[in-house]
Amino acid sequence: MQTFIQTDRQVFASHTLGVRVMLLSDRADSLTARRLTGYGSHVDIAGALEAAVAAILNDRFGYDLFVMDCDGFGGVAGAEQAIAALIAGDAKMRVMLISREFDVPVYPLGRRTAVCLPEDVSDESFRIGFDHVLRDRAAVTIN
């Protein structure tokens with residue numbers, strides 16, 4: 001009998017594998033992008049608000065999550081503009097906002113409220129926010 005122990009193993013919640021994410025960021029190699037792809041997410045990155053909103057509204061399959069690095073797009077005011085555009089387009093999706101304007105992480109209980117994270121949030125708090133915003137997403141199984 002042999003026993004193998006794997007160290008440095010990442011544990012993924014079953015509901016977060018294969019998440020389709022639209023990331024609005026002014027840097028394609030941002031820490032946010034690296035974290036999301038590290039979780040096994042499929043991340044599309046837009047560098048302009050209009051491009052991100054159009055991609056979300058015109059996508060036939062639907063994104064699971066919209067993430068915005070707010071500071072490159074006017075901060076929280078820019079996030080409000082993005083969310084207003086999504087609401088006007090009748091998009092119903094989960095949202096995470098990252099900005100230096102937030103002092104502490106906020107993990108709201110409402111299903112249609114955004115998880116808000118400070119720009120310098122720890123990896124652990126970012127993961128908590130990611131899992132929290134996707135808490136009601138059903139795992140997809142393909143047979």
# chains A, B, ... in the order shown; residues from 1 in each chain; ligands from 1
>>> select_by_dssp(residues="region 5-143 of chain A", states="strand (DSSP E or B)", output="number ranges by chain")
A: 20-24, 42-46, 65-69, 94-99, 106, 115-118
>>> residues_around(residues="Gly75 (chain A)", least_positions_apart="4", cutoff="12 Å", atoms="only C-alpha atoms", output="ChimeraX atom specification")
/A:25,68-71,79-82,97-102,116,118-119
>>> write_last_selection(atoms="N, CA, C and O atoms", output="short mmCIF file (atom, residue, chain, number, x, y, z; two decimals), in the first residue's frame")
data_model
loop_
_atom_site.label_atom_id
_atom_site.label_comp_id
_atom_site.auth_asym_id
_atom_site.auth_seq_id
_atom_site.Cartn_x
_atom_site.Cartn_y
_atom_site.Cartn_z
N SER A 25 -10.62 45.97 -16.42
CA SER A 25 -9.38 46.38 -15.79
C SER A 25 -8.53 47.16 -16.78
O SER A 25 -8.56 46.88 -17.98
N MET A 68 -14.73 44.34 -11.48
CA MET A 68 -14.21 45.63 -11.96
C MET A 68 -13.11 46.14 -11.04
O MET A 68 -13.31 46.28 -9.84
N ASP A 69 -11.93 46.37 -11.63
CA ASP A 69 -10.87 47.10 -10.94
C ASP A 69 -11.23 48.57 -11.12
O ASP A 69 -10.92 49.19 -12.14
N CYS A 70 -11.91 49.13 -10.15
CA CYS A 70 -12.57 50.43 -10.30
C CYS A 70 -11.62 51.62 -10.47
O CYS A 70 -11.98 52.60 -11.13
N ASP A 71 -10.45 51.56 -9.88
CA ASP A 71 -9.59 52.74 -9.82
C ASP A 71 -9.15 53.25 -11.18
O ASP A 71 -8.91 54.44 -11.35
N ALA A 79 -17.82 52.65 -11.07
CA ALA A 79 -18.51 51.39 -10.80
C ALA A 79 -20.02 51.60 -10.84
O ALA A 79 -20.76 50.77 -11.38
N GLU A 80 -20.48 52.69 -10.27
CA GLU A 80 -21.91 53.01 -10.30
C GLU A 80 -22.39 53.16 -11.74
O GLU A 80 -23.48 52.69 -12.09
N GLN A 81 -21.58 53.79 -12.57
CA GLN A 81 -21.92 53.95 -13.98
C GLN A 81 -21.99 52.59 -14.68
O GLN A 81 -22.91 52.33 -15.47
N ALA A 82 -21.05 51.72 -14.41
CA ALA A 82 -21.04 50.38 -15.01
C ALA A 82 -22.26 49.59 -14.59
O ALA A 82 -22.93 48.97 -15.43
N LEU A 97 -16.44 44.40 -6.91
CA LEU A 97 -15.77 45.67 -7.16
C LEU A 97 -14.51 45.75 -6.31
O LEU A 97 -14.55 45.44 -5.12
N ILE A 98 -13.40 46.18 -6.92
CA ILE A 98 -12.14 46.34 -6.20
C ILE A 98 -11.69 47.78 -6.36
O ILE A 98 -11.58 48.28 -7.48
N SER A 99 -11.44 48.45 -5.22
CA SER A 99 -11.03 49.85 -5.27
C SER A 99 -10.29 50.26 -4.00
O SER A 99 -10.59 49.75 -2.91
N ARG A 100 -9.39 51.21 -4.15
CA ARG A 100 -8.70 51.75 -2.97
C ARG A 100 -9.65 52.62 -2.14
O ARG A 100 -9.34 52.98 -1.01
N GLU A 101 -10.82 52.94 -2.68
CA GLU A 101 -11.82 53.73 -1.94
C GLU A 101 -12.52 52.92 -0.86
O GLU A 101 -13.13 53.49 0.04
N PHE A 102 -12.44 51.59 -0.94
CA PHE A 102 -13.06 50.75 0.09
C PHE A 102 -12.04 50.52 1.20
O PHE A 102 -10.90 50.16 0.94
N CYS A 116 -17.60 44.17 -2.29
CA CYS A 116 -16.67 45.30 -2.44
C CYS A 116 -15.40 44.99 -1.67
O CYS A 116 -15.45 44.69 -0.47
N PRO A 118 -11.20 46.16 -0.89
CA PRO A 118 -10.13 47.16 -1.03
C PRO A 118 -9.08 46.68 -2.03
O PRO A 118 -8.89 45.48 -2.22
N GLU A 119 -8.40 47.62 -2.65
CA GLU A 119 -7.37 47.29 -3.64
C GLU A 119 -6.28 46.40 -3.04
O GLU A 119 -5.77 45.50 -3.71
#
>>> closest_residue(among="A:Ile45, A:Val19, A:Ala77, A:Leu65", to="Ala91 (chain A)", atoms="only C-alpha atoms")
A:Leu65
>>> closest_residue(among="A:Asp131, A:Asp103, A:Asp120, A:Asp26", to="Gly72 (chain A)", atoms="only C-alpha atoms")
A:Asp26
>>> select_by_dssp(residues="region 16-46 of chain A", states="alpha helix (DSSP H)", output="NGL selection string")
:A and (31-38)
>>> residues_around(residues="Ala114 (chain A)", least_positions_apart="3", cutoff="12 Å", atoms="only C-alpha atoms", output="ChimeraX atom specification")
/A:65-68,76,79-80,82-83,92-98,105-111,117,129-130,132-134
>>> decode(residues="region 87-100 of chain A", atoms="all heavy atoms", output="CSV table (one decimal), in the first residue's frame")
chain,number,residue,atom,x,y,z
A,87,ILE,N,-27.8,47.3,-15.5
A,87,ILE,CA,-29.2,47.3,-15.2
A,87,ILE,C,-30.0,47.8,-16.3
A,87,ILE,O,-31.1,47.2,-16.6
A,87,ILE,CB,-29.4,48.2,-13.9
A,87,ILE,CG1,-28.8,47.5,-12.7
A,87,ILE,CG2,-30.9,48.4,-13.7
A,87,ILE,CD1,-28.8,48.3,-11.4
A,88,ALA,N,-29.6,48.9,-17.0
A,88,ALA,CA,-30.4,49.4,-18.1
A,88,ALA,C,-30.5,48.4,-19.2
A,88,ALA,O,-31.5,48.3,-20.0
A,88,ALA,CB,-29.7,50.7,-18.6
A,89,GLY,N,-29.4,47.5,-19.4
A,89,GLY,CA,-29.4,46.5,-20.4
A,89,GLY,C,-30.1,45.2,-19.9
A,89,GLY,O,-30.1,44.2,-20.6
A,90,ASP,N,-30.7,45.2,-18.7
A,90,ASP,CA,-31.4,44.1,-18.1
A,90,ASP,C,-30.5,42.9,-17.9
A,90,ASP,O,-30.9,41.7,-17.9
A,90,ASP,CB,-32.6,43.6,-19.0
A,90,ASP,CG,-33.6,42.8,-18.2
A,90,ASP,OD1,-33.7,43.1,-17.0
A,90,ASP,OD2,-34.2,42.0,-18.8
A,91,ALA,N,-29.2,43.1,-17.6
A,91,ALA,CA,-28.3,42.1,-17.2
A,91,ALA,C,-28.5,41.8,-15.7
A,91,ALA,O,-28.5,42.7,-14.9
A,91,ALA,CB,-26.8,42.5,-17.5
A,92,LYS,N,-28.6,40.5,-15.4
A,92,LYS,CA,-28.7,40.1,-14.0
A,92,LYS,C,-27.5,39.2,-13.7
A,92,LYS,O,-27.5,38.0,-14.2
A,92,LYS,CB,-30.0,39.3,-13.8
A,92,LYS,CG,-31.3,40.2,-14.0
A,92,LYS,CD,-32.5,39.4,-14.0
A,92,LYS,CE,-33.8,40.3,-14.1
A,92,LYS,NZ,-34.0,40.9,-15.3
A,93,MET,N,-26.6,39.7,-13.0
A,93,MET,CA,-25.4,39.0,-12.7
A,93,MET,C,-24.8,39.4,-11.4
A,93,MET,O,-25.1,40.4,-10.8
A,93,MET,CB,-24.4,39.1,-13.8
A,93,MET,CG,-23.9,40.5,-14.0
A,93,MET,SD,-23.0,40.7,-15.5
A,93,MET,CE,-22.0,39.3,-15.6
A,94,ARG,N,-23.8,38.6,-11.0
A,94,ARG,CA,-23.1,38.8,-9.7
A,94,ARG,C,-22.0,39.8,-10.0
A,94,ARG,O,-21.4,39.8,-11.1
A,94,ARG,CB,-22.5,37.5,-9.3
A,94,ARG,CG,-23.5,36.5,-8.9
A,94,ARG,CD,-22.9,35.1,-8.9
A,94,ARG,NE,-23.9,34.0,-8.8
A,94,ARG,CZ,-24.4,33.5,-9.9
A,94,ARG,NH1,-24.1,33.8,-11.1
A,94,ARG,NH2,-25.3,32.5,-9.7
A,95,VAL,N,-21.6,40.6,-9.0
A,95,VAL,CA,-20.6,41.7,-9.2
A,95,VAL,C,-19.7,41.8,-8.1
A,95,VAL,O,-20.0,41.7,-6.9
A,95,VAL,CB,-21.4,43.1,-9.4
A,95,VAL,CG1,-20.4,44.2,-9.5
A,95,VAL,CG2,-22.3,43.1,-10.5
A,96,MET,N,-18.4,41.9,-8.4
A,96,MET,CA,-17.3,42.2,-7.4
A,96,MET,C,-16.6,43.5,-7.9
A,96,MET,O,-16.3,43.7,-9.0
A,96,MET,CB,-16.3,41.1,-7.4
A,96,MET,CG,-16.6,39.9,-6.6
A,96,MET,SD,-15.3,38.6,-6.6
A,96,MET,CE,-14.0,39.5,-5.9
A,97,LEU,N,-16.4,44.4,-6.9
A,97,LEU,CA,-15.8,45.7,-7.2
A,97,LEU,C,-14.5,45.7,-6.3
A,97,LEU,O,-14.6,45.4,-5.1
A,97,LEU,CB,-16.7,46.8,-6.8
A,97,LEU,CG,-18.1,46.8,-7.5
A,97,LEU,CD1,-18.9,48.0,-7.0
A,97,LEU,CD2,-17.9,47.0,-9.0
A,98,ILE,N,-13.4,46.2,-6.9
A,98,ILE,CA,-12.1,46.3,-6.2
A,98,ILE,C,-11.7,47.8,-6.4
A,98,ILE,O,-11.6,48.3,-7.5
A,98,ILE,CB,-11.1,45.4,-6.7
A,98,ILE,CG1,-11.5,43.9,-6.5
A,98,ILE,CG2,-9.7,45.6,-6.1
A,98,ILE,CD1,-12.0,43.2,-7.7
A,99,SER,N,-11.4,48.4,-5.2
A,99,SER,CA,-11.0,49.8,-5.3
A,99,SER,C,-10.3,50.3,-4.0
A,99,SER,O,-10.6,49.8,-2.9
A,99,SER,CB,-12.3,50.8,-5.4
A,99,SER,OG,-11.9,52.1,-5.4
A,100,ARG,N,-9.4,51.2,-4.1
A,100,ARG,CA,-8.7,51.7,-3.0
A,100,ARG,C,-9.7,52.6,-2.1
A,100,ARG,O,-9.3,53.0,-1.0
A,100,ARG,CB,-7.5,52.5,-3.4
A,100,ARG,CG,-7.7,53.7,-4.2
A,100,ARG,CD,-6.4,54.5,-4.5
A,100,ARG,NE,-6.5,55.3,-5.7
A,100,ARG,CZ,-6.1,55.0,-6.9
A,100,ARG,NH1,-5.4,53.9,-7.1
A,100,ARG,NH2,-6.3,55.8,-7.9
